[in-house]
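Take a look at the structure set out below.
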Amino acid sequence: MTVNETLATYSNYLVYGAMAAFTVAMIAFAVSFASMRGRDLEPATSLPVAEEGGAVAVATRVSTSTGGPDDGALPPGRRAGNIGMSTMWLGTILLGIGVLLRGLAVQRAPWGNMCEFSMTSALAISVTFVLMSLRRDLRWLGVFVVTPVLLILGASMTFLYTEAAQLVPALKSYWLVIHVSAAMICGAAFCIGATVTLLFLVADASERRHAEGRSYRLDGLAARLPESHRLDAMAYRIHAFMFPLWTFAIIAGAIWAENAWGRYWGWDPKETWAFITWVAYAAYLHARATAGWKGRRAAVIALVAFGCFVFNYVGVNIFITGLHSYAGVG
Amino acid sequence: MTEVSESQPLDAEQRMSTAPSDVEAPVGIGVVGWLRWAWRTLTSMRTALVLLFLLAVASVPGSILPQRGTNPIRVNDYLANDPVKGRILDRLGFFDVFAAPWFAAVYLLLFVSLAGCVIPRAVQHWRMVRARPPAAPRNLGRLPEHRLVATSAPADTTLDTAAAWLRSARWRVDTTAYDGRSGTVAAEKGYARETGNLLFHMSLLALLGAVAFGSLFGFKGTVIVREGSSFADTRAQFDAFSPGRFYSDASLPPFAFTLKDFSADYQRGGQQNGAARDFSATVSLVRAAGGTPQQQTVAVNDPLDIDGVKVFLVGHGYAPTLTVKNTKGEVVFHDSVVFLPQDGDFTSTGVAKVPDAVPQLGLSGFFLPTYAVDQVLGPHSTFPAPDDPAVFLSAWSGDLGLDSGRPQSVYRLDTAGMKRLGIKALAPGQSWTLPGGAGTVTFDGFVEWASFSVARDPGKELALVAAVLAIIGLALSLLVRRRRIWVRVTDAGSGATVVEVAGLTRTEHTSVADEVDSLASALGTPTTTRTTTPAPAPRGET
């Protein structure tokens, strides 16, 4: 089996094209977000009072119960948001074809090293986002998702870049498709979950201060976000949906390890951090059901859990030697 | 930090979970009271949360410090480089975290906490599943979802229609008899949520049991076999053998194999030059004593399976063939000596001990599949395949120390009682006449060796079943919604019937609104629609 260099080159062009599209999407989403009218940050029970100072001067509209904060008649930022959404689709399609060509060039699943894994993970994030956007208006979230997608793609095409090549023997197994794709889908969803959680913390901090009659540095950001309880519920739904899949990814890895190394669990650094990530997300799910841990504290646990996931990918691959050292980064 | 309770406590009849409420302070006096308090605290959700944290934190050093189980050589290096800190860490079990008593304490406490929480909940859930759905609250209008429906159908027929609709949608239904003025239907669905939750937690207990069972009754061993050599599955032939506490030799099937050939392919050129692309070992396997040999291939991801004992290809390397003759020309040593690879290009080190030479002779040095030498690295290999093989040996004469009774590593030369004769690089076929009439050393060539891990884990099937059940339980508990619907039918007199449909859910996926709506339209013409402002965000439960 040889590597098809032509396809690999086309794949790279497509990935660069996707990066260009994502850059346009990022700018458009940012413009859309900035020109969006925020919602009223005052608690619903208090009477509307004139804003003191300019911090929340835009807070004029009470949001309705359905959809994001930017629906209604001709809200500002809608056009930029639409441009962002369509270029997001364009970038996703280009990246999708790019990843497909990379796979065809090497005649295997395109996630055999860190460069390919990052590329395909970026695709998973953007696909998850555009699929989620079919069900609800997510233009407010666009800029916060496309930015990490661009960063990950940028990393994969620069310092993580590895030219198309065959696999090391340890990865030659159909479990590569099952185990790694499950891990990538989880990573994509956890990334979006962490983004929403972070935004929840901003919205929550702002709402708390307004309930006490104070203002908050990030009010301008918070006013453009959905209410904190919606963000919280959305983040929970993403995490709750992905936790079983993450469990599956670990178990699939264990089955593969049993077949490749003779034991299903051996506390290899990658396994250890997958376990730590699992425990951290389990703690998040438990925290949400524990009095005194809901809301902010649970959100912080979710962010710590995502940090563990990222460390398992970046830190363990690059700084720690173990059986999972496939990074291909020289 | 004070946390304001965001949701009003539910009435006991509205509680949809068997989750324990957290205990705040010791109750009762005396030993029994304290024990009860300790037990309740241990089995509370908050303690479980803290223990989960501890478990995560306790695992971290196991991934950062070298571990005896996975990398004993690096542990010894650490101890040699930093004896003071190393000794302290070693004493505290930091080089074997996952077998350390404090790690065991955390997970055993967690599992006790889990069992103490889950078992009573399972009993409670069993009762709840068998009980009737809770009776309708007096005022249905206060529930989050509430519809009024007008119908001309008689009240008792409407009641039956509602019950039939709910039954066909697989709700658990309880009807109170129509008393001539009003009647109610109570229905509940989504018991699988709590069932799944309990199944998940119990599967974790089963998984722990399976891991323990496997490690108590299984074994694991490693062995290095050179091309042309054989291995028989007995304890003595392993280089390393770690049996479980209740392992017995009787469970070791009597197979044997000879390594016929080992082959490896490497990437040539490009960014990943030298990366392995393919390994395989061809063995001639005899499955049982006296059986006929069969040709088999063992590869990474493709182990041999002999009656539940698996043989995995885990590593490989080179064994240079050395011949030592004394000054009279008699052969005092002839063997292929296993050299251990030190880097990705298979710069390998090893020693040959020649006790039959007079005085005794020791050879130590490098095997280099693709030979290179420079000022910085010294002799080293530049490619893992044997393109230009060479050995780089130093010869020692004197007492090998084999008779001292102390156990010696076959990969290390104790040069305390020896003096160095010289160093020499040899290509295949070349000989080296040692100074001082100590004889000659010939590098005849090399064979490859493969290392195999032989393991049996009788708990792994059970572990797999437990893991699969855990995922099923998890999916049910996170994706199924528990919800209740009540219908109250009241005869408003003069042939008019008033129907109220109300729904309640405590899970946050979606509300029960759609189901309430379709039931309402099945019963007549709804006169109210769903409320536009939902109740405060519903919060999760387990």
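Note on naming: chains are A, B, ... as they come in the structure tokens, residues start from 1 per chain, ligands start from 1 in the order shown.
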
Select, as a CSV table (one decimal) with C-alpha atoms, in the first residue's frame, those residues of chain A with any atom no more than 7 Å from chain B (distances computed using only C-alpha atoms).
chain,number,residue,atom,x,y,z
A,65,SER,CA,-39.3,32.5,25.5
A,163,GLU,CA,2.8,14.3,6.0
A,166,GLN,CA,1.2,4.6,6.7
A,167,LEU,CA,0.2,3.6,10.2
A,168,VAL,CA,2.4,2.1,12.9
A,169,PRO,CA,1.5,-1.6,13.4
A,170,ALA,CA,-0.2,-1.0,16.8
A,173,SER,CA,-7.0,-2.6,13.6
A,229,HIS,CA,-30.6,28.8,33.0
A,233,ALA,CA,-29.7,23.4,30.5
A,237,ARG,CA,-27.9,18.3,27.7
A,240,ALA,CA,-25.4,14.1,29.5
A,244,PRO,CA,-22.4,7.4,27.7
A,247,THR,CA,-17.9,5.6,28.5
A,248,PHE,CA,-18.2,3.6,25.3
A,251,ILE,CA,-14.6,0.5,26.9
A,259,ASN,CA,-6.4,-7.6,21.9
A,260,ALA,CA,-3.2,-5.7,21.3
A,261,TRP,CA,-1.4,-5.6,24.6
A,262,GLY,CA,-2.9,-8.5,26.5
A,269,PRO,CA,-0.9,7.5,31.0
A,272,THR,CA,-5.2,7.1,33.4
A,276,ILE,CA,-9.6,11.0,35.2
A,279,VAL,CA,-14.5,10.6,36.8
A,280,ALA,CA,-14.5,14.4,36.4
A,283,ALA,CA,-18.6,14.3,39.2
A,286,HIS,CA,-23.5,14.2,40.3
A,287,ALA,CA,-22.8,17.8,41.3
A,288,ARG,CA,-25.9,18.8,39.3
A,289,ALA,CA,-28.0,16.6,41.5
A,290,THR,CA,-26.4,17.7,44.8
A,292,GLY,CA,-25.2,23.4,47.0

Write down as a ChimeraX atom specification the residues of range 51-262 of chain A whose backbone DSSP state falls under alpha helix (DSSP H). /A:78-106,114-135,139-157,175,181-211,219-222,228-261

Quick one, how far is CA of Trp171 in chain B from CA of Tyr236 in chain A?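 Computing the Euclidean distance for CA of Trp171 in chain B and CA of Tyr236 in chain A yields 26.7 Å.
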
For Ser32 in chain A, find every residue with an atom within 10 Å (counting only C-alpha atoms), except residues of its own chain fewer than 5 positions away, and show them as a list of chain:residue names. A:Met26, A:Ile27, A:Arg37, A:Asp70, A:Pro76, A:Gly77, A:Arg78, A:Arg79, A:Ala80, A:Gly81, A:Asn82, A:Ile83, A:Gly84, A:Arg139, A:Trp140, A:Gly142, A:Val143

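If you look at CA of Met85 in chain A and CA of Thr120 in chain A, they are 20.1 Å away from each other.
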